[in-house]
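J.: Got a structure for you, written out below as C-alpha coordinates; questions coming shortly.
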Amino acid sequence: MWVFRLIVLVVVVAGLVIVVADNKDQTVDLHFFNYEYLDTPLMYVAAGFFFLGFLMALVGMTMREWKHRREIGRLKRQVRNLEKELADLRTLPLQELSGQTATKGD
(Lines give C-alpha, C1' and ligand atoms only; values in the text may rest on other atoms or scores of the structure.)
Protein backbone atom coordinates (compact mmCIF):
# COMPACT_ATOMS: atom_id res chain seq x y z
CA MET A 1 0.00 0.00 0.00
CA TRP A 2 2.85 2.39 0.79
CA VAL A 3 4.25 1.82 -2.72
CA PHE A 4 0.95 2.92 -4.24
CA ARG A 5 0.90 6.05 -2.08
CA LEU A 6 4.48 6.84 -3.07
CA ILE A 7 3.68 6.46 -6.76
CA VAL A 8 0.63 8.73 -6.45
CA LEU A 9 2.68 11.32 -4.55
CA VAL A 10 5.43 11.29 -7.18
CA VAL A 11 2.89 11.66 -10.01
CA VAL A 12 1.12 14.56 -8.28
CA VAL A 13 4.36 16.39 -7.47
CA ALA A 14 5.63 15.86 -11.02
CA GLY A 15 2.35 17.22 -12.39
CA LEU A 16 2.58 20.29 -10.16
CA VAL A 17 6.17 20.93 -11.20
CA ILE A 18 5.19 20.74 -14.87
CA VAL A 19 2.24 23.11 -14.41
CA VAL A 20 4.33 25.61 -12.44
CA ALA A 21 7.15 25.47 -15.01
CA ASP A 22 4.71 26.10 -17.87
CA ASN A 23 3.05 29.03 -16.08
CA LYS A 24 6.03 30.69 -14.41
CA ASP A 25 5.61 33.89 -16.44
CA GLN A 26 1.86 34.23 -15.85
CA THR A 27 0.72 37.08 -13.61
CA VAL A 28 -2.67 37.93 -12.18
CA ASP A 29 -4.24 40.98 -10.55
CA LEU A 30 -5.79 40.37 -7.15
CA HIS A 31 -8.46 42.54 -5.56
CA PHE A 32 -8.79 41.45 -1.95
CA PHE A 33 -10.62 43.47 0.76
CA ASN A 34 -10.10 46.84 -0.95
CA TYR A 35 -6.43 46.08 -1.64
CA GLU A 36 -5.02 45.57 -5.09
CA TYR A 37 -2.08 43.34 -5.81
CA LEU A 38 -1.10 43.93 -9.43
CA ASP A 39 1.04 41.59 -11.49
CA THR A 40 1.27 38.93 -8.82
CA PRO A 41 2.87 35.71 -10.13
CA LEU A 42 0.28 32.98 -10.54
CA MET A 43 2.64 30.54 -8.84
CA TYR A 44 2.51 32.55 -5.59
CA VAL A 45 -1.27 32.86 -5.70
CA ALA A 46 -1.72 29.12 -6.28
CA ALA A 47 0.77 28.25 -3.53
CA GLY A 48 -0.90 30.68 -1.12
CA PHE A 49 -4.34 29.19 -1.67
CA PHE A 50 -2.93 25.68 -1.45
CA PHE A 51 -1.43 26.42 1.97
CA LEU A 52 -4.62 28.18 3.07
CA GLY A 53 -6.61 25.07 2.15
CA PHE A 54 -4.06 22.90 3.92
CA LEU A 55 -4.39 24.96 7.11
CA MET A 56 -8.19 24.84 6.97
CA ALA A 57 -8.09 21.05 6.53
CA LEU A 58 -5.61 20.77 9.40
CA VAL A 59 -7.88 22.76 11.72
CA GLY A 60 -10.88 20.64 10.73
CA MET A 61 -9.01 17.39 11.24
CA THR A 62 -7.68 18.57 14.61
CA MET A 63 -11.18 19.42 15.80
CA ARG A 64 -12.45 16.00 14.68
CA GLU A 65 -9.51 14.32 16.44
CA TRP A 66 -10.31 16.13 19.70
CA LYS A 67 -13.95 15.10 19.39
CA HIS A 68 -12.97 11.45 18.91
CA ARG A 69 -10.52 11.55 21.83
CA ARG A 70 -13.22 12.95 24.12
CA GLU A 71 -15.60 10.22 22.96
CA ILE A 72 -12.95 7.55 23.58
CA GLY A 73 -12.37 8.91 27.10
CA ARG A 74 -16.09 8.91 27.82
CA LEU A 75 -16.44 5.34 26.57
CA LYS A 76 -13.42 4.18 28.62
CA ARG A 77 -14.97 5.68 31.76
CA GLN A 78 -18.26 3.95 30.93
CA VAL A 79 -16.50 0.59 30.46
CA ARG A 80 -14.58 1.03 33.73
CA ASN A 81 -17.82 1.77 35.61
CA LEU A 82 -19.61 -1.19 34.04
CA GLU A 83 -16.70 -3.52 34.84
CA LYS A 84 -16.76 -2.31 38.45
CA GLU A 85 -20.51 -2.91 38.62
CA LEU A 86 -20.05 -6.40 37.18
CA ALA A 87 -17.29 -7.21 39.68
CA ASP A 88 -19.52 -5.99 42.52
CA LEU A 89 -22.38 -8.17 41.28
CA ARG A 90 -20.10 -11.21 41.09
CA THR A 91 -19.00 -10.82 44.69
CA LEU A 92 -22.51 -10.44 46.13
CA PRO A 93 -23.45 -13.32 48.42
CA LEU A 94 -26.25 -15.54 47.20
CA GLN A 95 -29.36 -15.05 49.30
CA GLU A 96 -32.54 -17.08 49.30
CA LEU A 97 -35.67 -15.25 48.50
CA SER A 98 -37.74 -14.78 51.64
CA GLY A 99 -40.79 -17.00 51.87
CA GLN A 100 -39.75 -19.40 49.13
CA THR A 101 -38.01 -22.68 49.63
CA ALA A 102 -36.64 -24.85 46.94
CA THR A 103 -37.50 -28.48 47.62
CA LYS A 104 -37.52 -31.40 45.24
CA GLY A 105 -40.61 -33.39 44.66
CA ASP A 106 -43.27 -30.81 45.62
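Identifiers in the C-alpha coordinates: chain A, B, ... in order shown; residue index from 1 per chain; ligand index from 1 in order shown.
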Taking the backbone alone, and naming residues the way the document does, which bits of chain A are alpha helix (DSSP H) by DSSP, as a PyMOL selection string?

T.: chain A and resi 2-22+42-90

J.: Just list the residues in stretch 11-80 of chain A DSSP gives strand (DSSP E) on the backbone, as a ChimeraX atom specification.

T.: /A:27-32,35-41

J.: Quick one: everything within 9 Å of A:Asp25, counting only C-alpha atoms, minus sequence neighbours fewer than 3 positions away in the same chain. Send it as number ranges by chain.

T.: A: 21-22, 41-43

J.: Selection from above, N, CA and C atoms, as an mmCIF file, in the first residue's frame, can you write it?

T.:
```
data_model
loop_
_atom_site.group_PDB
_atom_site.id
_atom_site.type_symbol
_atom_site.label_atom_id
_atom_site.label_comp_id
_atom_site.auth_asym_id
_atom_site.auth_seq_id
_atom_site.Cartn_x
_atom_site.Cartn_y
_atom_site.Cartn_z
ATOM 1 N N ALA A 21 6.120 25.114 -14.026
ATOM 2 C CA ALA A 21 7.150 25.465 -15.007
ATOM 3 C C ALA A 21 6.532 26.078 -16.263
ATOM 4 N N ASP A 22 5.370 25.556 -16.675
ATOM 5 C CA ASP A 22 4.711 26.098 -17.867
ATOM 6 C C ASP A 22 4.095 27.469 -17.620
ATOM 7 N N PRO A 41 2.637 36.985 -9.417
ATOM 8 C CA PRO A 41 2.866 35.715 -10.125
ATOM 9 C C PRO A 41 1.817 34.667 -9.737
ATOM 10 N N LEU A 42 1.308 33.989 -10.750
ATOM 11 C CA LEU A 42 0.283 32.976 -10.538
ATOM 12 C C LEU A 42 0.775 31.870 -9.613
ATOM 13 N N MET A 43 2.054 31.580 -9.685
ATOM 14 C CA MET A 43 2.643 30.538 -8.841
ATOM 15 C C MET A 43 2.464 30.875 -7.355
#
```

J.: Ranking A:Leu94, A:Ala47, A:Met56, A:Leu75 by minimum distance to A:Val20 and counting only C-alpha atoms, which one comes first?

T.: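 Closest residue, counting only C-alpha atoms: A:Ala47.
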
J.: Between atom CA of A:Val59 and atom CA of A:Val3, measure the distance and give it in Å to one decimal.

T.: 28.2 Å
